[in-house]
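Content type compact mmCIF, C-alpha atoms, from the file upload-v4.txt:
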```
# COMPACT_ATOMS: atom_id res chain seq x y z
CA MET A 1 -13.65 16.84 37.59
CA ARG A 2 -10.48 17.15 35.58
CA THR A 3 -7.14 17.57 37.25
CA ARG A 4 -3.92 18.82 35.73
CA ARG A 5 -2.27 15.43 36.20
CA LEU A 6 -4.65 13.37 34.08
CA PRO A 7 -3.87 15.07 30.75
CA GLY A 8 -0.18 14.79 31.53
CA ARG A 9 -0.46 11.09 32.23
CA HIS A 10 -2.53 10.59 29.09
CA ARG A 11 0.00 12.50 27.04
CA ARG A 12 2.88 10.39 28.35
CA ALA A 13 0.97 7.17 27.62
CA GLY A 14 0.14 8.39 24.14
CA ASP A 15 3.78 9.21 23.53
CA HIS A 16 4.96 5.68 24.35
CA HIS A 17 7.41 4.89 21.57
CA ALA A 18 7.31 1.24 20.57
CA THR A 19 10.49 -0.38 19.26
CA TYR A 20 11.01 -2.82 16.41
CA GLY A 21 12.22 -5.47 18.85
CA GLU A 22 9.06 -5.06 20.91
CA VAL A 23 6.89 -5.57 17.83
CA ILE A 24 8.86 -8.49 16.39
CA ALA A 25 8.63 -10.25 19.76
CA ILE A 26 4.85 -10.69 19.18
CA SER A 27 4.45 -14.13 17.60
CA GLU A 28 1.21 -13.35 15.72
CA PHE A 29 2.79 -10.33 14.09
CA ARG A 30 5.75 -12.43 13.01
CA ALA A 31 3.38 -14.90 11.37
CA LEU A 32 1.59 -12.16 9.44
CA TRP A 33 4.92 -10.55 8.55
CA TYR A 34 6.61 -13.75 7.34
CA GLY A 35 3.55 -14.89 5.39
CA GLN A 36 3.19 -11.54 3.66
CA GLY A 37 6.87 -11.37 2.71
CA LEU A 38 6.88 -14.94 1.36
CA SER A 39 3.76 -14.44 -0.70
CA LEU A 40 4.92 -11.07 -2.05
CA LEU A 41 8.27 -12.49 -3.15
CA GLY A 42 6.46 -15.21 -5.07
CA ASP A 43 4.19 -12.63 -6.68
CA GLN A 44 7.16 -10.60 -7.95
CA LEU A 45 8.61 -13.70 -9.58
CA ALA A 46 5.20 -14.50 -11.05
CA GLN A 47 4.84 -11.04 -12.59
CA VAL A 48 8.17 -11.36 -14.37
CA ALA A 49 7.34 -14.95 -15.37
CA LEU A 50 3.98 -13.92 -16.82
CA ALA A 51 5.55 -11.10 -18.83
CA VAL A 52 8.15 -13.50 -20.27
CA LEU A 53 5.61 -16.26 -20.87
CA VAL A 54 3.04 -14.07 -22.61
CA TYR A 55 5.61 -12.32 -24.78
CA ASP A 56 7.20 -15.64 -25.79
CA ARG A 57 3.77 -17.07 -26.56
CA THR A 58 2.33 -14.09 -28.51
CA GLY A 59 5.28 -11.89 -29.51
CA SER A 60 2.97 -8.96 -28.81
CA PRO A 61 3.90 -6.04 -26.52
CA LEU A 62 0.19 -5.14 -26.40
CA ALA A 63 -0.76 -8.61 -25.13
CA THR A 64 2.01 -8.44 -22.54
CA ALA A 65 0.81 -5.03 -21.34
CA ALA A 66 -2.80 -6.24 -21.30
CA VAL A 67 -1.96 -9.13 -18.98
CA TYR A 68 -0.07 -6.74 -16.70
CA ALA A 69 -3.10 -4.43 -16.68
CA LEU A 70 -5.15 -7.35 -15.38
CA THR A 71 -3.23 -7.06 -12.11
CA TYR A 72 -4.95 -3.70 -11.52
CA LEU A 73 -8.46 -4.33 -12.86
CA PRO A 74 -9.76 -6.98 -10.41
CA SER A 75 -8.93 -4.94 -7.31
CA ILE A 76 -10.67 -1.90 -8.76
CA VAL A 77 -13.76 -3.77 -9.96
CA GLY A 78 -14.24 -6.45 -7.32
CA GLY A 79 -12.21 -5.20 -4.40
CA PRO A 80 -14.85 -3.01 -2.70
CA VAL A 81 -17.39 -5.85 -2.76
CA LEU A 82 -15.18 -8.79 -1.78
CA ALA A 83 -13.34 -6.85 0.93
CA GLY A 84 -16.49 -7.05 3.07
CA LEU A 85 -15.86 -10.78 3.50
CA ALA A 86 -13.15 -9.83 6.00
CA ASP A 87 -15.87 -8.46 8.32
CA ARG A 88 -18.57 -11.06 7.68
CA PHE A 89 -16.37 -14.09 8.40
CA ALA A 90 -13.41 -14.91 10.64
CA ARG A 91 -10.44 -13.00 9.23
CA ARG A 92 -7.89 -15.79 9.61
CA GLY A 93 -10.30 -18.13 7.80
CA VAL A 94 -10.71 -15.64 4.94
CA MET A 95 -6.93 -15.39 4.57
CA LEU A 96 -6.49 -19.17 4.59
CA ALA A 97 -9.24 -19.70 2.02
CA CYS A 98 -7.72 -17.07 -0.27
CA ASP A 99 -4.21 -18.54 0.06
CA LEU A 100 -5.37 -22.07 -0.75
CA ALA A 101 -7.53 -20.94 -3.66
CA ARG A 102 -4.70 -18.87 -5.14
CA ALA A 103 -2.27 -21.76 -4.75
CA ALA A 104 -4.66 -23.97 -6.75
CA LEU A 105 -5.20 -21.36 -9.48
CA VAL A 106 -1.50 -20.58 -9.92
CA SER A 107 -0.75 -24.32 -10.04
CA VAL A 108 -3.06 -24.57 -13.04
CA MET A 109 -1.32 -21.56 -14.63
CA ALA A 110 1.99 -23.40 -14.24
CA LEU A 111 0.83 -26.22 -16.54
CA PRO A 112 2.61 -25.98 -19.94
CA GLY A 113 0.40 -25.35 -22.95
CA MET A 114 -2.24 -23.35 -21.10
CA PRO A 115 -4.40 -21.42 -23.64
CA PHE A 116 -3.84 -17.68 -23.56
CA TRP A 117 -7.48 -16.81 -22.80
CA LEU A 118 -7.54 -19.23 -19.87
CA LEU A 119 -4.25 -17.84 -18.56
CA CYS A 120 -5.77 -14.34 -18.56
CA GLY A 121 -8.86 -15.59 -16.73
CA LEU A 122 -6.74 -17.29 -14.07
CA VAL A 123 -4.64 -14.15 -13.58
CA PHE A 124 -7.85 -12.16 -13.06
CA LEU A 125 -9.14 -14.60 -10.43
CA VAL A 126 -5.82 -14.76 -8.57
CA VAL A 127 -5.61 -10.98 -8.27
CA LEU A 128 -9.32 -10.77 -7.39
CA LEU A 129 -8.73 -13.02 -4.37
CA SER A 130 -6.01 -10.68 -3.12
CA ALA A 131 -8.71 -8.11 -2.23
CA PRO A 132 -10.38 -10.04 0.63
CA PHE A 133 -6.98 -11.39 1.75
CA SER A 134 -5.42 -7.92 2.00
CA ALA A 135 -8.53 -6.50 3.68
CA ALA A 136 -8.54 -9.30 6.26
CA ARG A 137 -4.82 -8.91 6.98
CA ALA A 138 -5.09 -5.11 7.27
CA ALA A 139 -8.09 -5.39 9.60
CA LEU A 140 -6.43 -8.10 11.70
CA LEU A 141 -3.19 -6.20 12.27
CA PRO A 142 -4.70 -3.60 14.69
CA GLU A 143 -6.02 -6.51 16.78
CA VAL A 144 -2.52 -7.96 17.02
CA LEU A 145 -0.70 -4.65 17.54
CA GLU A 146 -2.11 -1.89 19.72
CA GLY A 147 -1.14 1.76 20.09
CA ASP A 148 2.25 2.77 18.72
CA ARG A 149 3.06 -0.87 18.06
CA TYR A 150 0.65 -0.70 15.14
CA VAL A 151 2.54 2.23 13.56
CA VAL A 152 5.91 0.51 14.04
CA GLY A 153 4.56 -2.79 12.73
CA SER A 154 3.06 -1.05 9.70
CA ALA A 155 6.39 0.66 9.04
CA LEU A 156 8.20 -2.68 9.28
CA GLN A 157 5.78 -4.30 6.85
CA ASN A 158 6.04 -1.34 4.50
CA MET A 159 9.84 -1.50 4.49
CA THR A 160 9.69 -5.26 3.93
CA ASN A 161 7.30 -4.81 1.01
CA GLN A 162 9.58 -2.29 -0.68
CA ALA A 163 12.69 -4.43 -0.09
CA VAL A 164 10.99 -7.58 -1.37
CA GLN A 165 9.74 -5.77 -4.46
CA MET A 166 13.22 -4.48 -5.27
CA LEU A 167 14.71 -7.94 -4.67
CA GLY A 168 11.99 -9.73 -6.60
CA PHE A 169 12.22 -7.55 -9.69
CA ALA A 170 16.02 -7.47 -9.59
CA ALA A 171 16.48 -11.22 -9.17
CA GLY A 172 13.35 -12.32 -11.01
CA GLY A 173 14.89 -12.23 -14.46
CA ALA A 174 17.90 -14.29 -13.39
CA VAL A 175 15.74 -16.86 -11.57
CA ILE A 176 13.38 -17.27 -14.51
CA ALA A 177 16.30 -17.56 -16.92
CA GLY A 178 17.54 -20.48 -14.84
CA MET A 179 14.27 -22.33 -14.10
CA GLY A 180 11.88 -21.11 -16.80
CA PRO A 181 8.54 -19.30 -16.39
CA TYR A 182 6.45 -22.40 -15.66
CA ARG A 183 8.61 -23.46 -12.73
CA ALA A 184 8.59 -19.89 -11.46
CA LEU A 185 4.78 -20.00 -11.44
CA ALA A 186 4.91 -23.30 -9.57
CA LEU A 187 7.18 -21.62 -7.02
CA ASP A 188 4.62 -18.84 -6.64
CA ALA A 189 1.94 -21.46 -5.90
CA ALA A 190 4.23 -22.93 -3.23
CA THR A 191 4.59 -19.52 -1.56
CA PHE A 192 0.81 -19.33 -1.12
CA LEU A 193 0.83 -22.75 0.53
CA GLY A 194 3.72 -21.64 2.74
CA SER A 195 1.79 -18.53 3.73
CA ALA A 196 -1.26 -20.63 4.63
CA LEU A 197 0.88 -22.93 6.78
CA ILE A 198 2.38 -19.96 8.63
CA LEU A 199 -1.09 -18.53 9.29
CA VAL A 200 -2.44 -21.83 10.62
CA THR A 201 0.45 -22.29 13.03
CA GLY A 202 1.10 -18.67 14.00
CA VAL A 203 -2.22 -16.80 14.11
CA ARG A 204 -4.91 -17.76 16.61
CA ARG A 205 -8.56 -18.16 15.76
CA ARG A 206 -10.89 -15.22 16.31
CA PRO A 207 -14.65 -14.98 15.71
CA ALA A 208 -16.06 -12.90 12.88
CA ALA A 209 -15.81 -9.19 13.63
CA SER A 210 -19.39 -8.43 12.60
CA SER A 211 -22.19 -9.78 14.77
CA ASP A 212 -24.61 -9.60 11.83
CA GLY A 213 -23.00 -12.60 10.16
CA PRO A 214 -23.57 -13.25 6.46
CA LYS A 215 -27.23 -12.05 6.49
CA ALA A 216 -26.85 -8.69 4.81
CA SER A 217 -26.09 -8.73 1.11
CA MET A 218 -22.58 -7.91 -0.04
CA TRP A 219 -23.89 -4.93 -1.98
CA THR A 220 -25.60 -3.58 1.15
CA THR A 221 -22.39 -4.05 3.12
CA THR A 222 -20.40 -2.24 0.44
CA ARG A 223 -22.76 0.75 0.43
CA ALA A 224 -22.66 0.93 4.21
CA GLY A 225 -18.86 0.91 4.11
CA ALA A 226 -18.82 3.70 1.54
CA ARG A 227 -21.17 5.80 3.71
CA LEU A 228 -18.92 5.22 6.71
CA VAL A 229 -15.69 6.17 4.92
CA PHE A 230 -16.90 9.07 2.80
CA GLY A 231 -19.61 10.38 5.12
CA ASP A 232 -17.15 11.23 7.89
CA ARG A 233 -15.09 14.38 7.22
CA ARG A 234 -11.94 13.20 9.00
CA LEU A 235 -12.05 9.75 7.42
CA ARG A 236 -12.65 11.28 4.00
CA THR A 237 -9.63 13.54 4.43
CA LEU A 238 -7.43 10.62 5.51
CA VAL A 239 -8.53 8.61 2.47
CA LEU A 240 -7.67 11.51 0.16
CA PHE A 241 -4.26 11.74 1.84
CA ALA A 242 -3.75 8.06 1.01
CA TRP A 243 -4.88 8.53 -2.59
CA LEU A 244 -2.42 11.40 -3.04
CA CYS A 245 0.10 8.70 -3.96
CA GLY A 246 -1.34 8.73 -7.48
CA PHE A 247 0.76 11.86 -8.13
CA TYR A 248 4.11 10.70 -6.75
CA ILE A 249 3.81 7.13 -8.07
CA LEU A 250 3.34 8.39 -11.64
CA PRO A 251 7.10 8.89 -12.30
CA GLU A 252 7.76 5.16 -11.85
CA GLY A 253 5.45 4.47 -14.78
CA LEU A 254 7.53 6.83 -16.93
CA ALA A 255 10.92 5.55 -15.76
CA ALA A 256 11.79 3.81 -19.04
CA PRO A 257 11.18 6.77 -21.41
CA TYR A 258 12.72 9.15 -18.88
CA ALA A 259 15.82 6.93 -18.69
CA ALA A 260 16.23 7.30 -22.45
CA ARG A 261 16.23 11.10 -22.02
CA LEU A 262 18.83 10.84 -19.24
CA TYR A 263 21.16 8.59 -21.23
CA THR A 264 24.60 10.14 -21.68
CA GLY A 265 26.58 7.11 -22.83
CA THR A 266 27.93 6.28 -19.36
CA LEU A 267 25.25 3.91 -18.09
CA PRO A 268 22.99 1.70 -20.25
CA VAL A 269 19.34 2.75 -20.44
CA PRO A 270 18.09 -0.41 -18.61
CA VAL A 271 20.44 0.35 -15.72
CA ILE A 272 19.18 3.94 -15.53
CA THR A 273 15.61 2.63 -15.61
CA GLY A 274 16.33 0.29 -12.72
CA LEU A 275 17.94 3.07 -10.68
CA LEU A 276 14.95 5.34 -11.24
CA MET A 277 12.46 2.65 -10.26
CA ALA A 278 14.45 1.80 -7.12
CA ALA A 279 14.85 5.43 -5.96
CA MET A 280 11.37 5.96 -4.50
CA PRO A 281 11.18 2.55 -2.76
CA LEU A 282 14.56 3.33 -1.19
CA GLY A 283 13.25 6.67 0.06
CA THR A 284 10.12 4.97 1.36
CA VAL A 285 12.20 2.53 3.41
CA VAL A 286 14.32 5.37 4.87
CA GLY A 287 11.30 7.56 5.57
CA ALA A 288 9.30 4.78 7.22
CA PHE A 289 12.24 3.89 9.48
CA VAL A 290 12.98 7.46 10.56
CA PHE A 291 9.31 8.44 10.96
CA SER A 292 8.37 5.41 13.06
CA ARG A 293 11.59 5.25 15.07
CA PHE A 294 12.46 8.86 15.84
CA VAL A 295 9.22 10.89 15.58
CA ALA A 296 7.06 10.89 18.72
CA PRO A 297 3.52 9.54 18.22
CA SER A 298 2.01 12.89 19.28
CA ARG A 299 3.91 14.72 16.50
CA ARG A 300 3.15 12.41 13.58
CA LEU A 301 -0.30 13.77 12.76
CA ARG A 302 1.01 17.34 12.95
CA MET A 303 3.73 16.46 10.42
CA MET A 304 1.39 14.68 8.02
CA GLY A 305 0.59 17.70 5.85
CA TRP A 306 4.23 18.77 5.56
CA LEU A 307 5.38 15.28 4.59
CA ALA A 308 2.56 14.90 2.08
CA THR A 309 3.76 18.10 0.42
CA LEU A 310 7.33 16.79 0.47
CA SER A 311 6.22 13.61 -1.33
CA CYS A 312 5.30 15.68 -4.42
CA LEU A 313 7.44 18.83 -4.29
CA PRO A 314 10.81 17.28 -5.35
CA LEU A 315 9.24 16.07 -8.61
CA VAL A 316 8.98 19.65 -9.83
CA VAL A 317 12.76 19.73 -10.34
CA THR A 318 12.41 17.55 -13.44
CA ALA A 319 11.14 20.60 -15.34
CA LEU A 320 14.73 21.91 -15.22
CA ARG A 321 16.02 18.73 -16.95
CA PRO A 322 18.66 18.01 -14.28
CA PRO A 323 21.27 15.21 -14.53
CA LEU A 324 20.62 11.68 -13.28
CA ALA A 325 22.17 12.19 -9.83
CA VAL A 326 19.84 15.12 -9.06
CA VAL A 327 16.81 13.20 -10.31
CA LEU A 328 17.66 10.21 -8.14
CA ALA A 329 18.12 12.42 -5.08
CA ALA A 330 14.78 14.13 -5.75
CA TRP A 331 12.95 10.82 -6.14
CA VAL A 332 14.50 9.42 -2.95
CA LEU A 333 13.36 12.58 -1.13
CA SER A 334 9.87 12.10 -2.55
CA GLY A 335 9.83 8.55 -1.20
CA ILE A 336 10.87 9.83 2.24
CA GLY A 337 7.93 12.24 2.21
CA GLY A 338 5.61 9.30 1.58
CA ALA A 339 6.16 8.26 5.22
CA TYR A 340 3.12 10.40 6.07
CA GLN A 341 1.04 7.40 4.96
CA LEU A 342 1.93 5.70 8.27
CA ALA A 343 0.27 8.47 10.27
CA ALA A 344 -2.75 8.56 7.95
CA ASN A 345 -3.14 4.79 8.21
CA ALA A 346 -2.92 4.78 12.01
CA ALA A 347 -5.47 7.61 12.33
CA PHE A 348 -7.79 5.79 9.92
CA VAL A 349 -7.61 2.59 11.96
CA GLN A 350 -8.40 4.41 15.19
CA ARG A 351 -11.51 6.07 13.73
CA VAL A 352 -13.06 3.04 11.96
CA PRO A 353 -15.00 0.57 14.15
CA ALA A 354 -13.25 -2.80 14.43
CA GLU A 355 -16.20 -4.66 12.90
CA ARG A 356 -16.08 -2.46 9.76
CA ARG A 357 -12.33 -2.31 9.15
CA GLY A 358 -12.20 -4.98 6.46
CA GLN A 359 -14.74 -3.21 4.25
CA ALA A 360 -13.17 0.19 4.92
CA PHE A 361 -9.65 -0.98 4.09
CA GLY A 362 -10.93 -2.70 0.95
CA LEU A 363 -12.51 0.51 -0.33
CA VAL A 364 -9.35 2.50 0.31
CA GLN A 365 -7.15 -0.15 -1.31
CA SER A 366 -9.35 -0.29 -4.41
CA GLY A 367 -9.13 3.46 -4.69
CA LEU A 368 -5.35 3.28 -4.35
CA MET A 369 -5.15 0.83 -7.24
CA ALA A 370 -7.46 3.02 -9.32
CA VAL A 371 -5.57 6.28 -8.79
CA GLN A 372 -2.22 4.61 -9.42
CA GLY A 373 -3.39 2.88 -12.59
CA ALA A 374 -5.22 5.96 -13.88
CA GLY A 375 -2.30 8.23 -13.01
CA ILE A 376 0.23 6.08 -14.83
CA LEU A 377 -2.09 5.70 -17.84
CA LEU A 378 -2.80 9.43 -18.13
CA GLY A 379 0.86 10.23 -17.54
CA GLY A 380 1.86 7.88 -20.33
CA LEU A 381 -0.63 9.44 -22.74
CA ALA A 382 0.58 12.96 -21.89
CA ALA A 383 4.23 11.93 -22.16
CA GLU A 384 3.61 10.76 -25.73
CA ARG A 385 3.02 14.41 -26.68
CA LEU A 386 5.00 16.42 -24.13
CA GLY A 387 7.81 14.09 -23.06
CA PRO A 388 8.31 12.67 -19.54
CA GLU A 389 9.99 15.68 -17.90
CA PRO A 390 7.10 18.19 -18.04
CA VAL A 391 4.54 15.52 -17.21
CA ILE A 392 6.40 14.46 -14.05
CA ALA A 393 6.90 18.10 -13.05
CA LEU A 394 3.20 18.83 -13.62
CA ALA A 395 2.25 15.84 -11.47
CA GLY A 396 4.45 17.29 -8.74
CA VAL A 397 2.84 20.73 -8.97
CA VAL A 398 -0.73 19.41 -8.89
CA GLY A 399 0.22 17.02 -6.08
CA VAL A 400 1.64 19.89 -3.99
CA VAL A 401 -1.54 21.93 -4.47
CA CYS A 402 -3.69 18.98 -3.39
CA ALA A 403 -1.41 18.19 -0.44
CA VAL A 404 -1.55 21.78 0.84
CA ALA A 405 -5.36 21.83 0.51
CA LEU A 406 -5.66 18.55 2.40
CA ALA A 407 -3.25 19.79 5.08
CA LEU A 408 -5.43 22.88 5.64
CA VAL A 409 -8.61 20.79 5.84
CA TRP A 410 -6.93 18.37 8.25
CA ALA A 411 -5.63 21.20 10.48
CA GLU A 412 -9.13 22.71 10.61
CA SER A 413 -10.71 19.38 11.53
CA ARG A 414 -8.15 18.90 14.31
CA ARG A 415 -8.87 22.39 15.65
CA ASP A 416 -12.60 21.58 15.66
CA LYS A 417 -11.93 18.35 17.54
CA ASP A 418 -9.76 20.11 20.10
CA ALA A 419 -12.36 22.83 20.55
CA ARG A 420 -15.11 20.27 21.18
CA ALA A 421 -12.87 18.50 23.69
CA GLY A 422 -12.12 21.76 25.48
CA ALA A 423 -8.38 21.43 24.82
CA PRO A 424 -6.02 23.99 23.29
CA ALA A 425 -5.80 23.55 19.52
CA THR A 426 -2.60 22.20 18.00
CA THR A 427 -1.81 22.37 14.31
```
Go ahead and express the file in the form of structure tokens.
Amino acid sequence: MRTRRLPGRHRRAGDHHATYGEVIAISEFRALWYGQGLSLLGDQLAQVALAVLVYDRTGSPLATAAVYALTYLPSIVGGPVLAGLADRFARRGVMLACDLARAALVSVMALPGMPFWLLCGLVFLVVLLSAPFSAARAALLPEVLEGDRYVVGSALQNMTNQAVQMLGFAAGGAVIAGMGPYRALALDAATFLGSALILVTGVRRRPAASSDGPKASMWTTTRAGARLVFGDRRLRTLVLFAWLCGFYILPEGLAAPYAARLYTGTLPVPVITGLLMAAMPLGTVVGAFVFSRFVAPSRRLRMMGWLATLSCLPLVVTALRPPLAVVLAAWVLSGIGGAYQLAANAAFVQRVPAERRGQAFGLVQSGLMAVQGAGILLGGLAAERLGPEPVIALAGVVGVVCAVALALVWAESRRDKDARAGAPATT
């Protein structure tokens, strides 16, 4: 029989607020964190190096854009299938194999005189291997960090990702100017080897999560993962919350033409472009820190709908053609709203069985890449006719409508859950 003390004790345990120091003290998390940061920094340098290399080789903006588009295509096409490897085999082993294979492929890319068609093929394979690696790392993290530690660790990794991206893109041009694109690619290969070494020494061995082993076909595993993710109402809602980023990421794809509209003669257009592209990552870092550090775990899910709306609402201000300072403030605020992704991610992890997390994360990640790529492409096509300001504002309006609808669905599902549990509903 229930007593009044048990719910109170459960509520206090659920409200335990992990700290960054507590999470960083876990050696396996540090290994995953360091390896991810090192590899990501190398990837940012490689992206700049590839753009420079392809443009120097072909002189074609279209060819340069096509190679950049290859960084989206493999994750969309092959990600859902290959992500299942993270459940069928030991996750640390999957990560090591992917790191070593990518180091070998990028080393070949770093050889001078590489034919253009072969360079494109190698880029495709390198990005394709990131799908099982990312799925394995995402599925392994909840095993290393439990409870609120997972949310804080995810926030720390998210902030690191944004900071490394800003640093990599900002410093990439200067580094490549000094060492050349081929040496930059060689450095990227070295970062994969460094990541593998960190994983070997810092992450302990674990058996494969799935007891079925590699018997079922990859296609069967993929279909089962899709049924799990999209057949469950709460999981489906959480996935749609994650994919909402397609609306508030779109402005970054229009930063360059929007910067030309904002030019007043004070700052050069490239500087304005850089400020615009850095605004949302800055807001994401601030939002992730505040949300994970100062918001109680029990309140995060209740705030998810409001923050999702905030991630899109500030974009509407662009319809008024405000000055640069207002635009930057609005985009930073949008990035802060994106902190809701931490709550959605944590709820998703708790609801997916441990032996299916790799496949589930892979499906969600592939969808993320698809909505971001499609959003930026459609936004660019619309901006050709309408200009960037109305397109960004329209993305904000549609995003707000979708966020409100998802918030209502999520509140209803939480009320249903509370009703089944015999507890008072909270929204």
Region 13-112 of chain A residues near region 152-159 of chain A within 9 Å, closest pair each, using only C-alpha atoms, as CSV:
```
residue,atom,partner,partner_atom,distance
A:His17,CA,A:Val152,CA,8.8
A:Ala18,CA,A:Val152,CA,6.7
A:Thr19,CA,A:Val152,CA,7.0
A:Tyr20,CA,A:Val152,CA,6.5
A:Val23,CA,A:Gly153,CA,6.3
A:Ile24,CA,A:Gly153,CA,8.0
A:Phe29,CA,A:Gly153,CA,7.9
A:Trp33,CA,A:Gln157,CA,6.5
A:Gln36,CA,A:Gln157,CA,8.3
A:Gly37,CA,A:Gln157,CA,8.3
```
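When all atoms listed in the file are used to compute distances to Phe291 (chain A), the closest of the residues A:Ala343, A:Leu267, A:Tyr248, A:Leu50 turns out to be A:Ala343.
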With all atoms listed in the file as the counted atoms, please give the residues lying no more than 10 Å from region 225-228 of chain A, apart from itself and same-chain residues fewer than 2 positions off, as a list in words. Pro80, Val81, Gly84, Trp219, Thr220, Thr221, Thr222, Arg223, Phe230, Gly231, Asp232, Arg233, Leu235, Arg236, Val352, Pro353, Arg356, Arg357, Gly358, Gln359, Ala360, Phe361, Gly362, Leu363 and Val364 of chain A
Mind checking which residues fall within 6 Å of region 306-319 of chain A, counting all atoms listed in the file, ignoring those fewer than 2 positions away in the same chain, and posting them as JSON, numbers by chain? {"A": [248, 303, 304, 321, 330, 334, 337, 338, 340, 389, 390, 393, 396, 399, 400, 403]}
In Å, how far is it from CA of Ala296 (chain A) to CA of Ala347 (chain A)? 14.4 Å
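Picture a line from CA of Ala90 (chain A) to CA of Gly367 (chain A); it runs 24.3 Å.
Note that CA of Gly287 (chain A) and CA of Ala411 (chain A) are 22.3 Å apart.
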I need the residue nearest Phe89 (chain A) from this list: A:Pro207, A:Pro257, A:Gly194, A:Gly59. Use only C-alpha atoms for the distance. A:Pro207
Given 5 Å on each side, where is the centre and what are the edge lengths in Å to one decimal of the axis-aligned box enclosing the listed atoms of region 216-235 of chain A, as AutoDock Vina command-line options?
```
--center_x -19.4 --center_y 2.8 --center_z 3.5 --size_x 24.9 --size_y 33.1 --size_z 21.0
```
Considering all atoms listed in the file, return as number ranges by chain whatever protein or nucleic-acid residues lie within 8 Å of Pro281 (chain A), sequence-local ones (same chain, fewer than 4 positions apart) excluded. A: 162-163, 166, 277, 285, 332, 335
Looking at only C-alpha atoms, which of A:Gly375, A:Pro181, A:Gly202, A:Pro268 is the one that sits closest to Ala110 (chain A)? A:Pro181
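Minimum distance to Leu381 (chain A) across A:Leu250, A:Gly79, A:Phe294, A:Gly305 (counting all atoms listed in the file) occurs at A:Leu250.
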Need the neighbours of (14.3, 5.3, -20.8): which residues are at most 10 Å away, counting all atoms listed in the file, as a VMD selection string? chain A and resid 254 to 263 268 to 274 276 388
For the residues in the current selection, export C-alpha atoms as a JSON list (two decimals), in the frame of the given file.
```
[["chain", "number", "residue", "atom", "x", "y", "z"],
["A", 254, "LEU", "CA", 7.53, 6.83, -16.93],
["A", 255, "ALA", "CA", 10.92, 5.55, -15.76],
["A", 256, "ALA", "CA", 11.79, 3.81, -19.04],
["A", 257, "PRO", "CA", 11.18, 6.77, -21.41],
["A", 258, "TYR", "CA", 12.72, 9.15, -18.88],
["A", 259, "ALA", "CA", 15.82, 6.93, -18.69],
["A", 260, "ALA", "CA", 16.23, 7.30, -22.45],
["A", 261, "ARG", "CA", 16.23, 11.10, -22.02],
["A", 262, "LEU", "CA", 18.83, 10.84, -19.24],
["A", 263, "TYR", "CA", 21.16, 8.59, -21.23],
["A", 268, "PRO", "CA", 22.99, 1.70, -20.25],
["A", 269, "VAL", "CA", 19.34, 2.75, -20.44],
["A", 270, "PRO", "CA", 18.09, -0.41, -18.61],
["A", 271, "VAL", "CA", 20.44, 0.35, -15.72],
["A", 272, "ILE", "CA", 19.18, 3.94, -15.53],
["A", 273, "THR", "CA", 15.61, 2.63, -15.61],
["A", 274, "GLY", "CA", 16.33, 0.29, -12.72],
["A", 276, "LEU", "CA", 14.95, 5.34, -11.24],
["A", 388, "PRO", "CA", 8.31, 12.67, -19.54]]
```
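Minimum atom-to-atom distances from A:Trp410, A:Phe247, A:Phe348, A:Tyr150 to Val391 (chain A) were compared using all atoms listed in the file, and the lowest value belongs to A:Phe247.
The closest residue to Leu41 (chain A), picked from A:Val144, A:Leu282, A:Ser195, A:Pro322 and counting only C-alpha atoms, is A:Ser195.
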Answer as a short mmCIF file (atom, residue, chain, number, x, y, z; two decimals) with C-alpha atoms, keeping the file's coordinate frame, residues within 9 Å of (-3.0, -4.1, 5.6) using all atoms listed in the file:
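The file below, point_11.cif, is the result:
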```
data_model
loop_
_atom_site.label_atom_id
_atom_site.label_comp_id
_atom_site.auth_asym_id
_atom_site.auth_seq_id
_atom_site.Cartn_x
_atom_site.Cartn_y
_atom_site.Cartn_z
CA SER A 134 -5.42 -7.92 2.00
CA ALA A 135 -8.53 -6.50 3.68
CA ALA A 136 -8.54 -9.30 6.26
CA ARG A 137 -4.82 -8.91 6.98
CA ALA A 138 -5.09 -5.11 7.27
CA ALA A 139 -8.09 -5.39 9.60
CA LEU A 140 -6.43 -8.10 11.70
CA LEU A 141 -3.19 -6.20 12.27
CA SER A 154 3.06 -1.05 9.70
CA GLN A 157 5.78 -4.30 6.85
CA PHE A 361 -9.65 -0.98 4.09
CA GLN A 365 -7.15 -0.15 -1.31
#
```
Quick one: residues within 9 Å of Ala196 (chain A), all atoms listed in the file, excluding same-chain residues fewer than 6 positions away - as a PyMOL selection string? chain A and resi 35+95-100
